[in-house]
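Notes follow the structure.
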Amino acid sequence: MIRIVNHSYRLISFSLTSQYGRIYIVFAIFTDYIKTFMLRNILFLLLACITMAGCHLKGRDGANKKTMVVDSMVQKDVHTLSNADVIDMQHLDLNINVDMDKKQIAGYALWKINNRNKAHELILDTYDLAIDSVFVDNKSTAYKLDTPVIYLGSALHIPIADNSQYVKIFYKTGANAKALQWLTPDQTHDKKSPFLYTQSESIYARSWIPCADGPGIRFTYTARVAVPVGLMALMSAENPTDKNDSAVYHFKMDLPIPAYLMALAVGDITFKGIDERTGVYAEPGMIDKARWEFENVGKMVNNAEQLYGPYRWGRYDVLVLPPGFPIGGMENPRLTFCTPTVIAGDRSLVNLITHELAHSWSGNLVTNATWNDFWLNEGFTDYFERRITEQMLGSSYSDMLWQLGYEDLVDDVNTLKPRDTWLKLDLKGRDPEEGFTDIPYAKGSHFLKLIEISAGRDRFDRFLKRYFDDHAFKTITTEAFLNYMDTVLIKDDTVLRRKLNINEWVYGPGIPANCPRVPQERFSKVDDERDKFLMDVPPAQLATLNWTTHEWIHFLRKMPPALSANQVRSLDMAFNFTNTGNSEIADLWFIIAVRANYAFAYTSMDNFLSSVGRRKFLEPLYGEMMKTQRGEEMAKRIYDKYRKNYHPLAQESLDKIIYKK
């Protein structure tokens with residue numbers, strides 16, 4: 001740094017647009033030294049610094065220019081109130097009791113910290129937690145809980161000394177804990193025992209654990225969990241396979257994870273193994289169906305390892321939750337939580353498990369540093385899922401998944417604000433859930449598909465395997481990834497750089513012109529059969545033998561919205577859609593039935609909405625009903641009956657649809 005004193009000055013600024021966003025450069029020109037040579041020397045010095053930094057600038061046209069590496073690759077997470085950027089959260093020792101009657105978790109969280117910057121306080125995230133007492137290095141201490149901030153909850157301020165190592169917080173969860181879903185026996189599959197499960201992603205771990213709740217903050221943990229006798233507890237850790245008489249369970253996760261991957265389930269749960277390192281948990285009445293459905297999970301793990309290196313988490317097990325689970329699956333380390341809607345009886349929907357397994361590399365092993373970088377989790381996982389599927393079922397099958405993902409991408413681009421269709425999101429001041437669209441998934445995976453095609457599959461696979469190795473158990477920003485790709489993959493390959501047009505993908509709206517498309521061998525045949533039906537060929541005469549779920553999805557998705565009641569009836573008579581046990585097909589069918597006012601399907605639709613809690617199905621179906629006065633009356637009547645069955649996250653989004661809140 002050069003310091004000049006005793007001179008008046010004028011601030012001059014300019015900016016450069018780079019692959020990392022817009023870089024603002026500010027410097028001072030001193031008014032009594034404004035000389036041509038002075039300005040020339042300042043600019044020369046500045047350009048020399050930029051050149052020495054050695055990082056490429058790609059303009060919007062993809063031209064090969066130069067700019068400087070910026071230190072903003074380490075970015076402040078705007079969705080945590082904690083100060084984990086200056087204090088290392090090393091280990092959590094959790095000791096809790098789960099009261100199913102009170103619907104409350106109570107106990108303590110003991111944090112081991114490294115106060116490397118000698119901060120005067122530790123700040124943690126909380127949401128609707130009652131703090132009973134706080135101890136720092138075994139000494140009781142005062143604390144302060146801030147006024148709640150929308151979406152983020154309340155910051156917990158704890159005074160600490162320069163050499164403080166342990167902070168213990170005694171607390172209880174509140175009635176509005178967003179991560180917790182308490183189920184009565186009637187809301188479970190077997191209808192015999194209560195059930196609890198957590199959903200901590202994105203920022204809901206703070207509603208059941210006082211923590212530094214950001215995806216870029218990793219720690220190890222141990223836990224002691226006491227539950228009612230007769231129930232079993234499971235976590236995202238080393239797990240039991242049998243209930244014990246004490247109803248106290250101990251857990252260990254010795255690999256560092258972020259708070260959103262903290263998970264707990266308590267209920268009447270049993271276990272069946274698949275192979276030596278995979279298995280399935282479920283309620284007793286569901287366990288046999290689940291075990292049969294997931295027969296190939298062990299093979300999935302083996303195929304994933306062949307692509308991108310060893311599975312590093314020990315076991316990979318799956319827990320099938322009761323119906324109210326609001327999403328398809330959650331990639332909690334060592335124990336994927338999944339919806340029972342994947343149990344179709346024909347193993348046709350288990351690609352959802354492939355997706356959650358892929359997260360064991362992209363997301364759990366290498367994690368997005370902030371929710372603005374969410375595509376680094378989900379885009380990579382979508383891509384990895386398709387590669388595993390291709391290895392196991394062939395390219396014509398995975399091509400169907402690529403096409404369905406592309407259609408989801410088009411829908412979101414046509415619906416969302418342009419800024420929300422960038423890969424690099426801007427969620428400051430917003431609920432991070434607003435970023436959980438198909439953009440990070442589908443646009444992200446198509447960007448990686450473009451890199452694969454442009455660089456060559458072998459070259460890209462070597463790069464991805466090295467990426468996972470080099471960043472294992474670490475977090476990464478979008479900018480750091482692009483810098484890593486520039487250094488390791490692209491290097492001086494200007495042709496590849498031009499082909500990728502990185503800025504348009506990462507820092508631009510919509511679908512870039514170079515978005516790759518895959519062949520549609522199987523869907524083109526489906527299109528032919530749909531066209532025949534629309535030209536009055538009887539459904540029974542269509543060539544649908546051996547169609548997979550995804551072919552049926554495509555068949556129904558592309559039906560015109562104005563099918564007549566007679567057309568809908570003829571399809572149902574031929575294919576019995578109203579009584580299908582396949583949730584993906586059922587949801588699309590009930591939407592068609594609502595549009596055509598096909599009342600015969602309404603009883604089955606009512607049953608479907610009573611037993612499914614997945615937002616992917618609930619939101620479009622309720623949304624379709626709300627388009628007409630008759631449908632709105634039906635939607636409100638059904639929703640009032642079953643709202644209690646749905647997870648708080650689902651209730652929140654459905655309230656906006658039904659009650660227009």
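So you can find residues: chains in the structure tokens are A, B, ... in the order shown, residues in each start at 1, and ligands are numbered from 1 in order.
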
DSSP-assigned helix (DSSP H, G or I) among region 141-323 of chain A, expressed as an MDAnalysis selection string | chainID A and resid 185:187 205:207 259:261 287:293 297:308

Considering only C-alpha atoms, return as a ChimeraX atom specification whatever protein or nucleic-acid residues lie within 7 Å of region 398-402 of chain A, sequence-local ones (same chain, fewer than 3 positions apart) excluded.
-> /A:386,389-390,394-395,405-406,518-520,523,550

Output of the above residues as a short mmCIF file (atom, residue, chain, number, x, y, z; two decimals), in the first residue's frame, restricted to all heavy atoms:
```cif
data_model
loop_
_atom_site.label_atom_id
_atom_site.label_comp_id
_atom_site.auth_asym_id
_atom_site.auth_seq_id
_atom_site.Cartn_x
_atom_site.Cartn_y
_atom_site.Cartn_z
N ARG A 386 -27.51 -38.66 -13.86
CA ARG A 386 -27.74 -39.12 -15.24
C ARG A 386 -26.62 -40.06 -15.69
O ARG A 386 -26.87 -41.02 -16.43
CB ARG A 386 -27.82 -37.91 -16.18
CG ARG A 386 -28.80 -36.85 -15.73
CD ARG A 386 -30.22 -37.11 -16.14
NE ARG A 386 -31.14 -36.29 -15.36
CZ ARG A 386 -31.36 -34.99 -15.53
NH1 ARG A 386 -30.73 -34.34 -16.48
NH2 ARG A 386 -32.23 -34.34 -14.77
N THR A 389 -27.23 -43.42 -14.08
CA THR A 389 -28.38 -44.05 -14.75
C THR A 389 -27.97 -44.58 -16.11
O THR A 389 -28.38 -45.68 -16.51
CB THR A 389 -29.52 -43.03 -14.89
OG1 THR A 389 -29.91 -42.57 -13.59
CG2 THR A 389 -30.73 -43.66 -15.58
N GLU A 390 -27.17 -43.82 -16.84
CA GLU A 390 -26.71 -44.27 -18.15
C GLU A 390 -25.90 -45.55 -18.03
O GLU A 390 -26.06 -46.47 -18.85
CB GLU A 390 -25.87 -43.17 -18.81
CG GLU A 390 -25.35 -43.55 -20.19
CD GLU A 390 -24.48 -42.47 -20.81
OE1 GLU A 390 -24.70 -41.28 -20.50
OE2 GLU A 390 -23.58 -42.82 -21.59
N GLY A 394 -28.57 -47.61 -19.66
CA GLY A 394 -28.33 -47.26 -21.05
C GLY A 394 -28.63 -45.80 -21.36
O GLY A 394 -29.36 -45.12 -20.64
N SER A 395 -28.06 -45.32 -22.46
CA SER A 395 -28.17 -43.91 -22.82
C SER A 395 -29.59 -43.52 -23.23
O SER A 395 -30.02 -42.39 -22.99
CB SER A 395 -27.19 -43.57 -23.95
OG SER A 395 -27.45 -44.36 -25.08
N GLY A 405 -35.78 -32.97 -17.70
CA GLY A 405 -35.12 -31.87 -17.01
C GLY A 405 -35.11 -30.60 -17.84
O GLY A 405 -35.29 -29.49 -17.31
N TYR A 406 -34.90 -30.73 -19.15
CA TYR A 406 -34.92 -29.56 -20.03
C TYR A 406 -36.30 -28.92 -20.03
O TYR A 406 -36.42 -27.69 -20.00
CB TYR A 406 -34.51 -29.96 -21.45
CG TYR A 406 -34.50 -28.79 -22.40
CD1 TYR A 406 -33.41 -27.93 -22.45
CD2 TYR A 406 -35.59 -28.55 -23.24
CE1 TYR A 406 -33.40 -26.84 -23.31
CE2 TYR A 406 -35.58 -27.46 -24.11
CZ TYR A 406 -34.49 -26.61 -24.14
OH TYR A 406 -34.50 -25.53 -24.99
N VAL A 518 -30.21 -33.67 -26.14
CA VAL A 518 -29.87 -35.07 -26.35
C VAL A 518 -30.88 -35.71 -27.30
O VAL A 518 -32.01 -35.24 -27.44
CB VAL A 518 -29.84 -35.85 -25.01
CG1 VAL A 518 -28.77 -35.29 -24.09
CG2 VAL A 518 -31.21 -35.79 -24.34
N PRO A 519 -30.50 -36.80 -27.97
CA PRO A 519 -31.44 -37.49 -28.87
C PRO A 519 -32.64 -38.03 -28.08
O PRO A 519 -32.53 -38.38 -26.91
CB PRO A 519 -30.61 -38.65 -29.44
CG PRO A 519 -29.19 -38.29 -29.15
CD PRO A 519 -29.18 -37.44 -27.93
N GLN A 520 -33.78 -38.11 -28.76
CA GLN A 520 -35.00 -38.58 -28.10
C GLN A 520 -35.58 -39.79 -28.82
O GLN A 520 -36.68 -39.78 -29.35
CB GLN A 520 -36.02 -37.44 -28.01
CG GLN A 520 -35.64 -36.37 -27.01
CD GLN A 520 -35.36 -36.96 -25.62
OE1 GLN A 520 -36.15 -37.71 -25.09
NE2 GLN A 520 -34.20 -36.61 -25.07
N PHE A 523 -38.71 -40.99 -26.62
CA PHE A 523 -39.80 -40.02 -26.53
C PHE A 523 -40.41 -39.71 -27.91
O PHE A 523 -41.59 -39.37 -28.00
CB PHE A 523 -39.31 -38.73 -25.89
CG PHE A 523 -39.30 -38.77 -24.37
CD1 PHE A 523 -38.79 -37.72 -23.64
CD2 PHE A 523 -39.81 -39.86 -23.68
CE1 PHE A 523 -38.79 -37.74 -22.25
CE2 PHE A 523 -39.81 -39.91 -22.29
CZ PHE A 523 -39.29 -38.84 -21.57
N HIS A 550 -41.19 -43.00 -17.18
CA HIS A 550 -40.83 -41.73 -17.82
C HIS A 550 -41.48 -41.58 -19.19
O HIS A 550 -41.81 -40.46 -19.61
CB HIS A 550 -39.31 -41.62 -17.90
CG HIS A 550 -38.67 -41.60 -16.54
ND1 HIS A 550 -38.13 -42.72 -15.96
CD2 HIS A 550 -38.55 -40.61 -15.63
CE1 HIS A 550 -37.67 -42.41 -14.76
NE2 HIS A 550 -37.92 -41.15 -14.53
#
```

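Here CA of Ala226 (chain A) stands at a distance of 19.4 Å from CA of Gln199 (chain A).
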
Please identify all polymer residues within 8 Å of region 120-136 of chain A, counting only C-alpha atoms, omitting same-chain residues fewer than 6 positions from it, and present them as a PDB file with N, CA, C and O atoms, in the first residue's frame.
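Contents of around-v4.pdb, as written:
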```pdb
ATOM      1  N   THR A  80     -26.619 -16.672   7.427  1.00  0.00           N
ATOM      2  CA  THR A  80     -26.293 -17.012   8.804  1.00  0.00           C
ATOM      3  C   THR A  80     -25.995 -15.735   9.570  1.00  0.00           C
ATOM      4  O   THR A  80     -25.319 -14.833   9.056  1.00  0.00           O
ATOM      5  N   LEU A  81     -26.514 -15.653  10.788  1.00  0.00           N
ATOM      6  CA  LEU A  81     -26.230 -14.528  11.669  1.00  0.00           C
ATOM      7  C   LEU A  81     -24.992 -14.796  12.516  1.00  0.00           C
ATOM      8  O   LEU A  81     -24.566 -13.939  13.291  1.00  0.00           O
ATOM      9  N   SER A  82     -24.418 -15.965  12.389  1.00  0.00           N
ATOM     10  CA  SER A  82     -23.288 -16.372  13.224  1.00  0.00           C
ATOM     11  C   SER A  82     -22.002 -15.658  12.820  1.00  0.00           C
ATOM     12  O   SER A  82     -21.924 -15.037  11.748  1.00  0.00           O
ATOM     13  N   ASN A  83     -21.003 -15.768  13.664  1.00  0.00           N
ATOM     14  CA  ASN A  83     -19.672 -15.254  13.312  1.00  0.00           C
ATOM     15  C   ASN A  83     -18.681 -16.394  13.121  1.00  0.00           C
ATOM     16  O   ASN A  83     -17.523 -16.322  13.535  1.00  0.00           O
ATOM     17  N   ALA A  84     -19.161 -17.457  12.484  1.00  0.00           N
ATOM     18  CA  ALA A  84     -18.294 -18.611  12.209  1.00  0.00           C
ATOM     19  C   ALA A  84     -17.218 -18.292  11.180  1.00  0.00           C
ATOM     20  O   ALA A  84     -16.360 -19.135  10.913  1.00  0.00           O
ATOM     21  N   ILE A  87     -14.596 -17.577  14.004  1.00  0.00           N
ATOM     22  CA  ILE A  87     -14.434 -18.617  15.031  1.00  0.00           C
ATOM     23  C   ILE A  87     -14.705 -19.974  14.390  1.00  0.00           C
ATOM     24  O   ILE A  87     -15.736 -20.167  13.758  1.00  0.00           O
ATOM     25  N   ALA A 142     -23.680 -14.959  31.110  1.00  0.00           N
ATOM     26  CA  ALA A 142     -24.835 -14.255  30.549  1.00  0.00           C
ATOM     27  C   ALA A 142     -24.832 -14.434  29.032  1.00  0.00           C
ATOM     28  O   ALA A 142     -23.813 -14.772  28.419  1.00  0.00           O
ATOM     29  N   TYR A 143     -25.965 -14.184  28.422  1.00  0.00           N
ATOM     30  CA  TYR A 143     -26.093 -14.269  26.970  1.00  0.00           C
ATOM     31  C   TYR A 143     -27.177 -13.305  26.533  1.00  0.00           C
ATOM     32  O   TYR A 143     -27.969 -12.808  27.347  1.00  0.00           O
ATOM     33  N   PRO A 148     -35.966 -11.400  16.566  1.00  0.00           N
ATOM     34  CA  PRO A 148     -35.933 -12.221  15.353  1.00  0.00           C
ATOM     35  C   PRO A 148     -35.846 -11.390  14.070  1.00  0.00           C
ATOM     36  O   PRO A 148     -36.445 -10.325  13.955  1.00  0.00           O
ATOM     37  N   LEU A 152     -34.410 -15.525   9.143  1.00  0.00           N
ATOM     38  CA  LEU A 152     -33.140 -15.938   9.737  1.00  0.00           C
ATOM     39  C   LEU A 152     -33.223 -16.312  11.206  1.00  0.00           C
ATOM     40  O   LEU A 152     -32.325 -16.980  11.718  1.00  0.00           O
ATOM     41  N   GLY A 153     -34.253 -15.887  11.924  1.00  0.00           N
ATOM     42  CA  GLY A 153     -34.348 -16.189  13.335  1.00  0.00           C
ATOM     43  C   GLY A 153     -33.590 -15.186  14.186  1.00  0.00           C
ATOM     44  O   GLY A 153     -33.396 -14.025  13.792  1.00  0.00           O
ATOM     45  N   SER A 154     -33.127 -15.623  15.360  1.00  0.00           N
ATOM     46  CA  SER A 154     -32.504 -14.733  16.338  1.00  0.00           C
ATOM     47  C   SER A 154     -31.044 -15.105  16.559  1.00  0.00           C
ATOM     48  O   SER A 154     -30.719 -16.276  16.771  1.00  0.00           O
ATOM     49  N   ALA A 155     -30.184 -14.111  16.549  1.00  0.00           N
ATOM     50  CA  ALA A 155     -28.771 -14.339  16.851  1.00  0.00           C
ATOM     51  C   ALA A 155     -28.600 -14.496  18.354  1.00  0.00           C
ATOM     52  O   ALA A 155     -29.135 -13.721  19.142  1.00  0.00           O
ATOM     53  N   LEU A 156     -27.852 -15.519  18.752  1.00  0.00           N
ATOM     54  CA  LEU A 156     -27.530 -15.767  20.153  1.00  0.00           C
ATOM     55  C   LEU A 156     -26.104 -15.296  20.408  1.00  0.00           C
ATOM     56  O   LEU A 156     -25.153 -15.828  19.828  1.00  0.00           O
ATOM     57  N   HIS A 157     -25.956 -14.279  21.279  1.00  0.00           N
ATOM     58  CA  HIS A 157     -24.644 -13.694  21.576  1.00  0.00           C
ATOM     59  C   HIS A 157     -24.128 -14.247  22.900  1.00  0.00           C
ATOM     60  O   HIS A 157     -24.802 -14.134  23.926  1.00  0.00           O
ATOM     61  N   ILE A 158     -22.932 -14.834  22.870  1.00  0.00           N
ATOM     62  CA  ILE A 158     -22.339 -15.447  24.063  1.00  0.00           C
ATOM     63  C   ILE A 158     -20.943 -14.872  24.260  1.00  0.00           C
ATOM     64  O   ILE A 158     -20.060 -15.071  23.411  1.00  0.00           O
ATOM     65  N   PRO A 159     -20.697 -14.159  25.373  1.00  0.00           N
ATOM     66  CA  PRO A 159     -19.346 -13.625  25.620  1.00  0.00           C
ATOM     67  C   PRO A 159     -18.344 -14.762  25.827  1.00  0.00           C
ATOM     68  O   PRO A 159     -18.634 -15.740  26.516  1.00  0.00           O
ATOM     69  N   ILE A 160     -17.173 -14.636  25.222  1.00  0.00           N
ATOM     70  CA  ILE A 160     -16.117 -15.638  25.380  1.00  0.00           C
ATOM     71  C   ILE A 160     -14.777 -14.937  25.569  1.00  0.00           C
ATOM     72  O   ILE A 160     -14.621 -13.758  25.269  1.00  0.00           O
ATOM     73  N   ALA A 161     -13.816 -15.685  26.085  1.00  0.00           N
ATOM     74  CA  ALA A 161     -12.463 -15.167  26.261  1.00  0.00           C
ATOM     75  C   ALA A 161     -11.588 -15.576  25.080  1.00  0.00           C
ATOM     76  O   ALA A 161     -11.975 -16.402  24.248  1.00  0.00           O
ATOM     77  N   ASP A 162     -10.401 -14.999  25.019  1.00  0.00           N
ATOM     78  CA  ASP A 162      -9.495 -15.297  23.908  1.00  0.00           C
ATOM     79  C   ASP A 162      -9.197 -16.787  23.789  1.00  0.00           C
ATOM     80  O   ASP A 162      -9.051 -17.319  22.686  1.00  0.00           O
ATOM     81  N   SER A 164     -11.117 -19.344  25.090  1.00  0.00           N
ATOM     82  CA  SER A 164     -12.286 -20.202  25.323  1.00  0.00           C
ATOM     83  C   SER A 164     -12.309 -21.350  24.316  1.00  0.00           C
ATOM     84  O   SER A 164     -12.017 -21.164  23.135  1.00  0.00           O
ATOM     85  N   GLN A 165     -12.706 -22.535  24.809  1.00  0.00           N
ATOM     86  CA  GLN A 165     -12.744 -23.714  23.946  1.00  0.00           C
ATOM     87  C   GLN A 165     -14.101 -24.393  23.908  1.00  0.00           C
ATOM     88  O   GLN A 165     -14.436 -25.040  22.908  1.00  0.00           O
ATOM     89  N   TYR A 166     -14.888 -24.296  24.992  1.00  0.00           N
ATOM     90  CA  TYR A 166     -16.148 -25.041  25.053  1.00  0.00           C
ATOM     91  C   TYR A 166     -17.302 -24.110  25.427  1.00  0.00           C
ATOM     92  O   TYR A 166     -17.202 -23.327  26.377  1.00  0.00           O
ATOM     93  N   VAL A 167     -18.377 -24.232  24.666  1.00  0.00           N
ATOM     94  CA  VAL A 167     -19.587 -23.448  24.922  1.00  0.00           C
ATOM     95  C   VAL A 167     -20.762 -24.423  24.954  1.00  0.00           C
ATOM     96  O   VAL A 167     -21.011 -25.138  23.968  1.00  0.00           O
ATOM     97  N   LYS A 168     -21.455 -24.460  26.099  1.00  0.00           N
ATOM     98  CA  LYS A 168     -22.581 -25.380  26.267  1.00  0.00           C
ATOM     99  C   LYS A 168     -23.866 -24.569  26.397  1.00  0.00           C
ATOM    100  O   LYS A 168     -23.958 -23.669  27.234  1.00  0.00           O
ATOM    101  N   ILE A 169     -24.866 -24.918  25.582  1.00  0.00           N
ATOM    102  CA  ILE A 169     -26.144 -24.210  25.587  1.00  0.00           C
ATOM    103  C   ILE A 169     -27.253 -25.193  25.922  1.00  0.00           C
ATOM    104  O   ILE A 169     -27.458 -26.183  25.197  1.00  0.00           O
ATOM    105  N   PHE A 170     -27.965 -24.951  27.011  1.00  0.00           N
ATOM    106  CA  PHE A 170     -29.152 -25.729  27.358  1.00  0.00           C
ATOM    107  C   PHE A 170     -30.361 -25.044  26.728  1.00  0.00           C
ATOM    108  O   PHE A 170     -30.530 -23.823  26.876  1.00  0.00           O
ATOM    109  N   TYR A 171     -31.208 -25.813  26.064  1.00  0.00           N
ATOM    110  CA  TYR A 171     -32.283 -25.191  25.289  1.00  0.00           C
ATOM    111  C   TYR A 171     -33.464 -26.143  25.102  1.00  0.00           C
ATOM    112  O   TYR A 171     -33.370 -27.350  25.378  1.00  0.00           O
ATOM    113  N   LYS A 172     -34.561 -25.585  24.593  1.00  0.00           N
ATOM    114  CA  LYS A 172     -35.737 -26.359  24.194  1.00  0.00           C
ATOM    115  C   LYS A 172     -36.217 -25.828  22.845  1.00  0.00           C
ATOM    116  O   LYS A 172     -36.097 -24.627  22.558  1.00  0.00           O
ATOM    117  N   THR A 173     -36.772 -26.716  22.045  1.00  0.00           N
ATOM    118  CA  THR A 173     -37.352 -26.278  20.777  1.00  0.00           C
ATOM    119  C   THR A 173     -38.729 -25.677  21.001  1.00  0.00           C
ATOM    120  O   THR A 173     -39.416 -25.987  21.978  1.00  0.00           O
ATOM    121  N   GLY A 174     -39.150 -24.825  20.059  1.00  0.00           N
ATOM    122  CA  GLY A 174     -40.441 -24.173  20.147  1.00  0.00           C
ATOM    123  C   GLY A 174     -41.490 -24.824  19.260  1.00  0.00           C
ATOM    124  O   GLY A 174     -41.210 -25.761  18.501  1.00  0.00           O
ATOM    125  N   ALA A 175     -42.694 -24.291  19.345  1.00  0.00           N
ATOM    126  CA  ALA A 175     -43.819 -24.850  18.578  1.00  0.00           C
ATOM    127  C   ALA A 175     -43.686 -24.581  17.090  1.00  0.00           C
ATOM    128  O   ALA A 175     -44.346 -25.235  16.276  1.00  0.00           O
ATOM    129  N   ASN A 176     -42.844 -23.607  16.708  1.00  0.00           N
ATOM    130  CA  ASN A 176     -42.727 -23.223  15.300  1.00  0.00           C
ATOM    131  C   ASN A 176     -41.412 -23.671  14.672  1.00  0.00           C
ATOM    132  O   ASN A 176     -40.941 -23.053  13.715  1.00  0.00           O
ATOM    133  N   ALA A 177     -40.844 -24.736  15.211  1.00  0.00           N
ATOM    134  CA  ALA A 177     -39.580 -25.240  14.663  1.00  0.00           C
ATOM    135  C   ALA A 177     -39.797 -25.768  13.246  1.00  0.00           C
ATOM    136  O   ALA A 177     -40.433 -26.803  13.048  1.00  0.00           O
ATOM    137  N   TYR A 204     -32.796 -24.574   8.453  1.00  0.00           N
ATOM    138  CA  TYR A 204     -33.728 -24.950   9.510  1.00  0.00           C
ATOM    139  C   TYR A 204     -33.081 -25.736  10.638  1.00  0.00           C
ATOM    140  O   TYR A 204     -33.729 -26.015  11.643  1.00  0.00           O
ATOM    141  N   ARG A 206     -31.143 -24.555  12.676  1.00  0.00           N
ATOM    142  CA  ARG A 206     -31.154 -23.607  13.791  1.00  0.00           C
ATOM    143  C   ARG A 206     -32.447 -23.660  14.588  1.00  0.00           C
ATOM    144  O   ARG A 206     -32.517 -23.122  15.684  1.00  0.00           O
ATOM    145  N   SER A 207     -33.478 -24.321  14.046  1.00  0.00           N
ATOM    146  CA  SER A 207     -34.735 -24.423  14.788  1.00  0.00           C
ATOM    147  C   SER A 207     -34.768 -25.628  15.719  1.00  0.00           C
ATOM    148  O   SER A 207     -35.710 -25.779  16.491  1.00  0.00           O
ATOM    149  N   TRP A 208     -33.723 -26.491  15.684  1.00  0.00           N
ATOM    150  CA  TRP A 208     -33.651 -27.590  16.658  1.00  0.00           C
ATOM    151  C   TRP A 208     -32.272 -27.746  17.298  1.00  0.00           C
ATOM    152  O   TRP A 208     -32.121 -28.500  18.259  1.00  0.00           O
ATOM    153  N   ILE A 209     -31.290 -26.959  16.826  1.00  0.00           N
ATOM    154  CA  ILE A 209     -29.958 -26.938  17.434  1.00  0.00           C
ATOM    155  C   ILE A 209     -29.422 -25.510  17.353  1.00  0.00           C
ATOM    156  O   ILE A 209     -29.399 -24.936  16.252  1.00  0.00           O
ATOM    157  N   PRO A 210     -28.959 -24.921  18.441  1.00  0.00           N
ATOM    158  CA  PRO A 210     -28.262 -23.640  18.311  1.00  0.00           C
ATOM    159  C   PRO A 210     -26.921 -23.882  17.630  1.00  0.00           C
ATOM    160  O   PRO A 210     -26.091 -24.650  18.127  1.00  0.00           O
ATOM    161  N   CYS A 211     -26.717 -23.271  16.485  1.00  0.00           N
ATOM    162  CA  CYS A 211     -25.570 -23.637  15.662  1.00  0.00           C
ATOM    163  C   CYS A 211     -25.190 -22.492  14.743  1.00  0.00           C
ATOM    164  O   CYS A 211     -25.898 -21.490  14.639  1.00  0.00           O
ATOM    165  N   ALA A 212     -24.068 -22.643  14.069  1.00  0.00           N
ATOM    166  CA  ALA A 212     -23.695 -21.765  12.968  1.00  0.00           C
ATOM    167  C   ALA A 212     -24.252 -22.414  11.705  1.00  0.00           C
ATOM    168  O   ALA A 212     -23.667 -23.361  11.177  1.00  0.00           O
ATOM    169  N   ASP A 213     -25.383 -21.926  11.246  1.00  0.00           N
ATOM    170  CA  ASP A 213     -26.202 -22.631  10.251  1.00  0.00           C
ATOM    171  C   ASP A 213     -25.948 -22.089   8.850  1.00  0.00           C
ATOM    172  O   ASP A 213     -26.739 -21.318   8.310  1.00  0.00           O
TER     173      ASP A 213
END
```

Run DSSP on the backbone and give me the residues of region 115-274 of chain A it puts in strand (DSSP E or B), as a count of residues only.
-> 77

Select from region 467-560 of chain A every residue with an atom at most 12 Å from any atom of region 349-360 of chain A, then for each give the shortest pair of atoms and their distance in Å to one decimal, using only C-alpha atoms, rows by chain and rising number, as a Markdown table.
```
| residue | atom | partner | partner_atom | distance |
| --- | --- | --- | --- | --- |
| A:Phe468 | CA | A:Ser360 | CA | 10.4 |
| A:Ala472 | CA | A:Ser360 | CA | 10.6 |
| A:Phe473 | CA | A:Ser360 | CA | 10.6 |
| A:Thr548 | CA | A:Leu349 | CA | 9.6 |
| A:Thr549 | CA | A:Leu349 | CA | 7.5 |
| A:His550 | CA | A:Leu349 | CA | 8.9 |
| A:Ile553 | CA | A:Leu349 | CA | 11.6 |
```

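Among the candidates A:Ala109, A:Lys656, A:Glu295, A:Glu201, the one nearest to Gly329 (chain A) when counting only C-alpha atoms is A:Glu201.
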
Lys641 (chain A) environment, 12 Å, only C-alpha atoms, sequence neighbours closer than 2 positions dropped, as number ranges by chain = A: 606-607, 609-611, 634-639, 643-646

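Of the residues listed (A:Glu331, A:Asn377, A:Asn95, A:Asp469), A:Asp469 shows the shortest atom-to-atom separation from Pro310 (chain A); distances use only C-alpha atoms.
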
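Distance check against Thr381 (chain A) using only C-alpha atoms: of A:Ile274, A:Asp408, A:Ser445, A:Asn332, the minimum falls on A:Ser445.
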
Neighbour list for Phe294 (chain A) as a PyMOL selection string, cut-off 12 Å, only C-alpha atoms, skip fewer than 5 positions in-chain = chain A and resi 272-275+278-282+287-289+299-301+316-320+338+340+342-354

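Closest to Ile203 (chain A) among A:Met559, A:Gly379, A:Leu649, A:Pro539 is A:Leu649, based on only C-alpha atoms.
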
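For Leu376 (chain A), the non-local neighbours within 9 Å, defined as residues at least 6 positions apart in the same chain or in other chains and counting only C-alpha atoms, are Ser362, Gly363, Val366, Thr367, Asn368, Ala369, Leu423, Pro440, Gly444, Ile476, Thr477, Thr478 and Phe481 of chain A.
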
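Take the candidates A:Asp254, A:Asp431, A:Glu238, A:Asp77 and check each one against Leu92 (chain A) using only C-alpha atoms; the shortest distance goes to A:Asp254.
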
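The spacing separating CA of Gly510 (chain A) from CA of Lys616 (chain A) amounts to 22.2 Å.
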
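Across A:Val413, A:Leu534, A:Leu307, A:Ala599, the tightest approach to Phe463 (chain A) is made by A:Leu307 when counting only C-alpha atoms.
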
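In this model, the gap between CA of Asp438 (chain A) and CA of Glu479 (chain A) comes to 21.0 Å.
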